[in-house]
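> Input structure: work_5.txt, which contains compact mmCIF, C-alpha atoms.
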# COMPACT_ATOMS: atom_id res chain seq x y z
CA MET A 1 0.00 0.00 0.00
CA SER A 2 1.39 3.39 -0.99
CA TYR A 3 2.08 6.29 1.35
CA GLU A 4 -0.81 8.26 -0.12
CA GLU A 5 -3.27 5.36 0.16
CA LYS A 6 -2.36 4.85 3.81
CA GLY A 7 -3.00 8.56 4.39
CA THR A 8 -6.42 8.22 2.80
CA TRP A 9 -7.30 5.31 5.10
CA VAL A 10 -6.21 7.35 8.13
CA ALA A 11 -8.28 10.36 7.00
CA LEU A 12 -11.35 8.16 6.53
CA VAL A 13 -11.11 6.34 9.86
CA VAL A 14 -10.36 9.50 11.84
CA ALA A 15 -13.17 11.49 10.18
CA VAL A 16 -15.76 8.81 10.94
CA ALA A 17 -14.55 7.99 14.47
CA VAL A 18 -14.22 11.59 15.65
CA TYR A 19 -17.57 12.63 14.17
CA LEU A 20 -19.34 9.68 15.81
CA GLY A 21 -17.79 10.74 19.11
CA TYR A 22 -19.03 14.30 18.61
CA LEU A 23 -22.52 13.06 17.72
CA ALA A 24 -22.67 10.87 20.83
CA VAL A 25 -21.81 13.84 23.06
CA VAL A 26 -24.11 16.38 21.41
CA LEU A 27 -27.08 14.06 20.92
CA GLY A 28 -26.82 13.18 24.61
CA ARG A 29 -27.18 16.87 25.46
CA LEU A 30 -30.12 17.31 23.08
CA ALA A 31 -32.34 14.98 25.08
CA GLY A 32 -34.86 17.10 26.97
CA THR A 33 -33.04 20.39 26.26
CA PRO A 34 -34.20 23.10 23.84
CA VAL A 35 -31.85 23.33 20.85
CA SER A 36 -31.04 26.96 21.58
CA ASP A 37 -29.70 25.98 25.04
CA VAL A 38 -27.50 23.10 23.91
CA HIS A 39 -23.78 23.73 24.46
CA TYR A 40 -22.07 22.66 21.29
CA VAL A 41 -19.65 25.41 20.21
CA SER A 42 -16.73 24.47 22.43
CA THR A 43 -17.39 20.76 21.76
CA LEU A 44 -17.40 21.33 18.03
CA LEU A 45 -14.16 23.35 18.13
CA LEU A 46 -12.56 20.78 20.40
CA THR A 47 -13.66 18.00 18.05
CA ILE A 48 -12.01 19.74 15.10
CA GLY A 49 -8.82 20.16 17.13
CA ILE A 50 -8.87 16.51 18.21
CA SER A 51 -9.43 15.45 14.61
CA ILE A 52 -6.31 17.32 13.45
CA VAL A 53 -4.12 15.99 16.26
CA VAL A 54 -5.37 12.39 15.94
CA SER A 55 -4.83 12.49 12.16
CA ILE A 56 -1.20 13.55 12.61
CA VAL A 57 -0.50 11.02 15.38
CA ALA A 58 -2.24 8.18 13.51
CA ARG A 59 -0.34 9.03 10.32
CA ILE A 60 2.98 8.85 12.16
CA ALA A 61 1.96 5.64 13.97
CA VAL A 62 0.99 3.96 10.68
CA GLU A 63 4.33 4.90 9.11
CA ILE A 64 6.22 3.53 12.10
CA ALA A 65 4.23 0.28 12.04
CA ARG A 66 4.21 -0.13 8.25
CA PRO A 67 6.90 2.09 6.68
CA SER A 68 6.24 3.18 3.09
CA GLU A 69 8.74 2.71 0.27
CA SER A 70 8.53 6.40 -0.63
CA HIS A 71 6.98 9.43 0.99
CA SER A 72 5.86 11.36 -2.04
CA GLY A 73 3.01 10.74 -4.42
CA ASP A 74 3.24 10.40 -8.18
CA VAL A 75 0.99 11.33 -11.10
CA ARG A 76 -1.48 8.50 -10.33
CA ASP A 77 -1.79 9.61 -6.69
CA ARG A 78 -2.47 13.16 -7.86
CA GLU A 79 -5.16 12.02 -10.34
CA ILE A 80 -6.86 9.92 -7.66
CA HIS A 81 -6.63 12.81 -5.18
CA ARG A 82 -8.26 15.20 -7.66
CA LEU A 83 -11.08 12.75 -8.38
CA GLY A 84 -11.83 12.25 -4.69
CA GLU A 85 -11.70 15.97 -3.90
CA ARG A 86 -13.96 16.84 -6.86
CA ILE A 87 -16.67 14.42 -5.77
CA GLY A 88 -16.27 15.17 -2.05
CA GLN A 89 -16.57 18.91 -2.62
CA GLN A 90 -19.99 18.46 -4.21
CA LEU A 91 -21.27 17.43 -0.78
CA LEU A 92 -19.64 20.46 0.77
CA VAL A 93 -21.42 22.73 -1.71
CA ALA A 94 -24.73 20.95 -1.07
CA SER A 95 -24.36 21.41 2.69
CA ALA A 96 -23.44 25.08 2.23
CA LEU A 97 -26.56 25.65 0.14
CA ALA A 98 -28.69 23.86 2.73
CA ALA A 99 -27.10 25.98 5.48
CA LEU A 100 -27.87 29.10 3.45
CA GLY A 101 -31.49 28.00 3.28
CA LEU A 102 -31.58 27.49 7.04
CA ALA A 103 -30.04 30.92 7.61
CA LEU A 104 -32.60 32.56 5.32
CA PHE A 105 -35.38 30.93 7.33
CA GLU A 106 -33.67 32.08 10.55
CA ALA A 107 -33.08 28.60 11.90
CA ASP A 108 -31.18 28.20 15.15
CA HIS A 109 -27.40 28.58 14.88
CA PHE A 110 -27.11 25.01 16.21
CA TRP A 111 -28.60 23.56 13.03
CA ILE A 112 -26.62 25.80 10.68
CA ALA A 113 -23.29 25.09 12.36
CA ASN A 114 -23.92 21.37 12.62
CA LEU A 115 -25.12 21.08 9.04
CA LEU A 116 -21.94 22.78 7.84
CA TYR A 117 -19.80 20.53 10.03
CA LEU A 118 -21.65 17.48 8.71
CA GLY A 119 -20.93 18.75 5.20
CA PHE A 120 -17.18 18.90 5.92
CA VAL A 121 -17.20 15.40 7.42
CA ALA A 122 -19.33 13.94 4.61
CA SER A 123 -17.06 15.59 2.04
CA SER A 124 -14.01 14.05 3.67
CA VAL A 125 -15.59 10.60 4.04
CA VAL A 126 -16.98 10.39 0.51
CA GLY A 127 -13.79 11.82 -0.97
CA SER A 128 -11.73 9.22 0.89
CA VAL A 129 -14.01 6.36 -0.17
CA VAL A 130 -13.82 7.44 -3.82
CA LYS A 131 -10.02 7.58 -3.60
CA LEU A 132 -9.82 4.13 -1.99
CA VAL A 133 -12.10 2.63 -4.66
CA ALA A 134 -9.89 4.21 -7.31
CA TYR A 135 -6.76 2.80 -5.65
CA ARG A 136 -8.26 -0.70 -5.39
CA ARG A 137 -10.39 -1.03 -8.53
CA GLY A 138 -8.67 1.32 -10.92
CA LEU A 139 -8.76 4.79 -12.32
CA MET B 1 -17.96 5.39 -11.45
CA VAL B 2 -14.38 4.28 -12.04
CA LYS B 3 -13.69 1.87 -14.89
CA PRO B 4 -10.49 -0.08 -15.30
CA THR B 5 -8.74 0.67 -18.55
CA ARG B 6 -9.20 -1.41 -21.73
CA VAL B 7 -5.53 -0.92 -22.50
CA THR B 8 -3.58 -4.13 -22.05
CA ASN B 9 0.18 -4.34 -21.75
CA SER B 10 3.17 -6.64 -21.86
CA ILE B 11 5.19 -4.91 -19.16
CA ARG B 12 5.51 -8.00 -17.00
CA ALA B 13 6.90 -10.08 -19.87
CA LEU B 14 9.18 -7.24 -20.96
CA ARG B 15 10.53 -6.87 -17.42
CA PHE B 16 11.49 -10.53 -17.29
CA ALA B 17 13.00 -10.30 -20.75
CA THR B 18 15.09 -7.34 -19.61
CA GLY B 19 17.24 -9.06 -17.03
CA GLU B 20 14.32 -9.77 -14.70
CA MET B 21 13.90 -6.10 -13.94
CA THR B 22 11.86 -5.58 -10.78
CA GLN B 23 8.79 -3.37 -10.52
CA ALA B 24 10.74 -1.14 -8.14
CA GLN B 25 13.55 -0.70 -10.67
CA LEU B 26 11.12 0.18 -13.46
CA ALA B 27 9.29 2.58 -11.13
CA GLU B 28 12.53 4.32 -10.27
CA ARG B 29 13.51 4.64 -13.94
CA ILE B 30 10.29 6.48 -14.85
CA GLY B 31 9.81 8.35 -11.57
CA VAL B 32 6.64 6.77 -10.18
CA THR B 33 5.85 4.55 -7.20
CA ARG B 34 5.99 0.76 -7.37
CA GLN B 35 2.24 0.71 -6.69
CA THR B 36 1.66 2.63 -9.92
CA ILE B 37 3.65 0.06 -11.91
CA ILE B 38 1.59 -2.71 -10.29
CA ALA B 39 -1.64 -0.85 -11.17
CA ILE B 40 -0.52 -0.43 -14.80
CA GLU B 41 0.50 -4.09 -15.12
CA GLN B 42 -2.85 -5.22 -13.71
CA GLY B 43 -4.81 -2.88 -16.00
CA ARG B 44 -6.10 -0.75 -13.14
CA TYR B 45 -4.45 2.42 -14.38
CA SER B 46 -3.98 3.79 -17.86
CA PRO B 47 -0.77 5.82 -17.95
CA SER B 48 -0.39 9.09 -19.78
CA LEU B 49 1.04 9.00 -23.29
CA GLU B 50 4.27 10.48 -21.96
CA MET B 51 4.62 7.79 -19.29
CA ALA B 52 3.80 5.11 -21.87
CA PHE B 53 6.66 6.36 -24.07
CA GLN B 54 8.98 6.45 -21.05
CA ILE B 55 8.18 2.81 -20.29
CA ALA B 56 8.74 1.82 -23.93
CA HIS B 57 12.09 3.65 -23.90
CA VAL B 58 13.20 1.78 -20.80
CA PHE B 59 12.67 -1.52 -22.63
CA GLY B 60 13.99 -0.14 -25.91
CA VAL B 61 10.92 -1.24 -27.89
CA PRO B 62 8.15 0.55 -29.82
CA LEU B 63 5.04 1.67 -27.92
CA ASP B 64 2.91 -1.02 -29.60
CA ASP B 65 5.11 -3.72 -28.12
CA VAL B 66 4.30 -2.49 -24.63
CA PHE B 67 0.66 -1.39 -24.86
CA GLN B 68 -2.20 -2.83 -26.86
CA TYR B 69 -5.75 -1.61 -27.37
CA PRO B 70 -8.64 -3.74 -28.71
CA ASN B 71 -9.71 -2.78 -32.21
CA PRO B 72 -13.54 -2.84 -32.14
CA GLY B 73 -13.91 -2.82 -35.94
CA GLY B 74 -11.40 -5.55 -36.50
CA VAL B 75 -9.81 -3.45 -39.25
CA GLN B 76 -6.05 -3.78 -39.37
CA PRO B 77 -4.08 -0.55 -39.88
Could you write out this structure as structure tokens?

Amino acid sequence: MSYEEKGTWVALVVAVAVYLGYLAVVLGRLAGTPVSDVHYVSTLLLTIGISIVVSIVARIAVEIARPSESHSGDVRDREIHRLGERIGQQLLVASALAALGLALFEADHFWIANLLYLGFVASSVVGSVVKLVAYRRGL
Amino acid sequence: MVKPTRVTNSIRALRFATGEMTQAQLAERIGVTRQTIIAIEQGRYSPSLEMAFQIAHVFGVPLDDVFQYPNPGGVQP
């Protein structure tokens, strides 16, 4: 497995795991509490910070456990990266448009912020899956 | 979504005919990763025209000896 493919696996696993952790915390607070009173801002920011740190640590740990032959991508890696980003970004745009709609209808900030965050996570997850399919099945 | 290429190739045979060149050696000669050579050999990646020429140059053979493409009409050039 190439250095770039390992990085894609790490990005996928971290994005899913950290987001599920965030959901578990915030959904627990939602029970019996009005949305406008739910504390989520610091949790969301902390989750983003954790995601960055865990990604870096996991990337290093994977390289220590299974060292790659080279640490730079080639033309195929770049083509696969572009394909994944292009498809993943469509979800980001869709979530931004949905968030715009919520803002226009004056929805609570909770929903707007969380929809945007979901868009970033979904973009990352789908982009990673597309890249992994391209690595495994072909481009 | 993603379709493997219809381009076939003889890289594996050419490697063995060229002093049993390894995938890593070929990869180093054309500046790609070994995984990319594996993907090309297995038909999971269609290289650019420039990379195809580079591979042919490594083996010292014409492009047609390395890569083949099915002719749907059956008409010979």
> Considering all atoms listed in the file, give me a table of residues in chain A that are at most 8 Å from chain B, with the closest atom pair and distance in Å for each, as a tab-separated table.

residue	atom	partner	partner_atom	distance
A:Met1	CA	B:Gln35	CA	7.1
A:Ser2	CA	B:Gln35	CA	6.4
A:Ser70	CA	B:Thr33	CA	7.3
A:Gly73	CA	B:Thr33	CA	7.4
A:Asp74	CA	B:Val32	CA	5.4
A:Val75	CA	B:Val32	CA	7.3
A:Arg76	CA	B:Thr36	CA	6.7
A:Val133	CA	B:Val2	CA	7.9
A:Ala134	CA	B:Val2	CA	6.5
A:Arg137	CA	B:Arg44	CA	6.3
A:Gly138	CA	B:Arg44	CA	4.0
A:Leu139	CA	B:Tyr45	CA	5.3
> Using all atoms listed in the file, which of the listed residues (A:Val129, A:Ala61, A:Ala31, A:Ile112) sits closest to Val16 of chain A?
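Looking at the shortest contact to Val16 of chain A, the residue is A:Val129.
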> Near Gly119 of chain A, within 7 Å and counting only C-alpha atoms, which residues show up once chain neighbours fewer than 5 positions away are dropped, as a PyMOL selection string?
chain A and resi 91-92+95
> Find, counting only C-alpha atoms, the residue in B:Ala27, B:Val61, B:Ile37, B:Val66 that gets nearest to Val7 of chain B.
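When distances to Val7 of chain B are compared using only C-alpha atoms, the smallest one comes from B:Val66.
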> Within 10 Å of Val41 of chain A, counting all atoms listed in the file, which residues show up once you throw out same-chain ones fewer than 4 positions away? Write them as an NGL selection string, please.
:A and (45-47 or 109-110 or 113-114)
> Go ahead and save the picked residues with C-alpha atoms, as a PDB file, in the frame of the given file.

ATOM      1  CA  LEU A  45     -14.160  23.350  18.130  1.00  0.00           C
ATOM      2  CA  LEU A  46     -12.560  20.780  20.400  1.00  0.00           C
ATOM      3  CA  THR A  47     -13.660  18.000  18.050  1.00  0.00           C
ATOM      4  CA  HIS A 109     -27.400  28.580  14.880  1.00  0.00           C
ATOM      5  CA  PHE A 110     -27.110  25.010  16.210  1.00  0.00           C
ATOM      6  CA  ALA A 113     -23.290  25.090  12.360  1.00  0.00           C
ATOM      7  CA  ASN A 114     -23.920  21.370  12.620  1.00  0.00           C
TER       8      ASN A 114
END
> I need the residue nearest Trp111 of chain A from this list: A:Val13, A:Leu132, A:Val57, A:Val26. Use only C-alpha atoms for the distance.
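Checking each candidate against Trp111 of chain A, we get A:Val26 as the closest.
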> Which value, in Å to one decimal, gives the distance between atom CA of Glu106 of chain A and atom CA of Gln90 of chain A?
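So the answer is 24.3 Å.
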> Between atom CA of Ala11 of chain A and atom CA of Ala122 of chain A, what distance in Å does the model show, to one decimal?
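Answer for the atom CA of Ala11 of chain A to atom CA of Ala122 of chain A separation: 11.9 Å.
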> May I have the protein, DNA and RNA residues with any atom at most 12 Å from the point (12.2, -9.5, -19.2), counting only C-alpha atoms, written as a list in words?
Ser10, Ile11, Arg12, Ala13, Leu14, Arg15, Phe16, Ala17, Thr18, Gly19, Glu20, Met21, Thr22, Gln23, Leu26, Val58, Phe59, Gly60 and Val66 of chain B
> Keeping only C-alpha atoms, write the selected residues as a CSV table (one decimal), in the coordinates of the input.

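result-v6.csv, freshly written:
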chain,number,residue,atom,x,y,z
B,10,SER,CA,3.2,-6.6,-21.9
B,11,ILE,CA,5.2,-4.9,-19.2
B,12,ARG,CA,5.5,-8.0,-17.0
B,13,ALA,CA,6.9,-10.1,-19.9
B,14,LEU,CA,9.2,-7.2,-21.0
B,15,ARG,CA,10.5,-6.9,-17.4
B,16,PHE,CA,11.5,-10.5,-17.3
B,17,ALA,CA,13.0,-10.3,-20.8
B,18,THR,CA,15.1,-7.3,-19.6
B,19,GLY,CA,17.2,-9.1,-17.0
B,20,GLU,CA,14.3,-9.8,-14.7
B,21,MET,CA,13.9,-6.1,-13.9
B,22,THR,CA,11.9,-5.6,-10.8
B,23,GLN,CA,8.8,-3.4,-10.5
B,26,LEU,CA,11.1,0.2,-13.5
B,58,VAL,CA,13.2,1.8,-20.8
B,59,PHE,CA,12.7,-1.5,-22.6
B,60,GLY,CA,14.0,-0.1,-25.9
B,66,VAL,CA,4.3,-2.5,-24.6
> Just how far from atom CA of Ile30 of chain B is atom CA of Lys6 of chain A, in Å to one decimal?
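Those two atoms sit 22.6 Å apart.
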> Find, counting only C-alpha atoms, the residue in A:Pro67, A:Gly84, A:Gly49, A:Gly101 that gets nearest to Ala15 of chain A.
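With only C-alpha atoms as the atom set, the closest residue is A:Gly49.
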> Find the residues around Ser128 of chain A up to 6 Å (only C-alpha atoms counted), leave out those fewer than 3 positions away in its own chain, and share them as a ChimeraX atom specification.
/A:8,12,125,131
> Restricting the calculation to only C-alpha atoms: of A:Ser55, A:Ser42, A:Ser36, A:Ser123, which residue gets closest to Ala94 of chain A?
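With only C-alpha atoms as the atom set, the closest residue is A:Ser123.
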> Which one is closest to Leu20 of chain A: A:Val121, A:Arg78, A:Gly32, A:Val130? Count all atoms listed in the file.
A:Val121
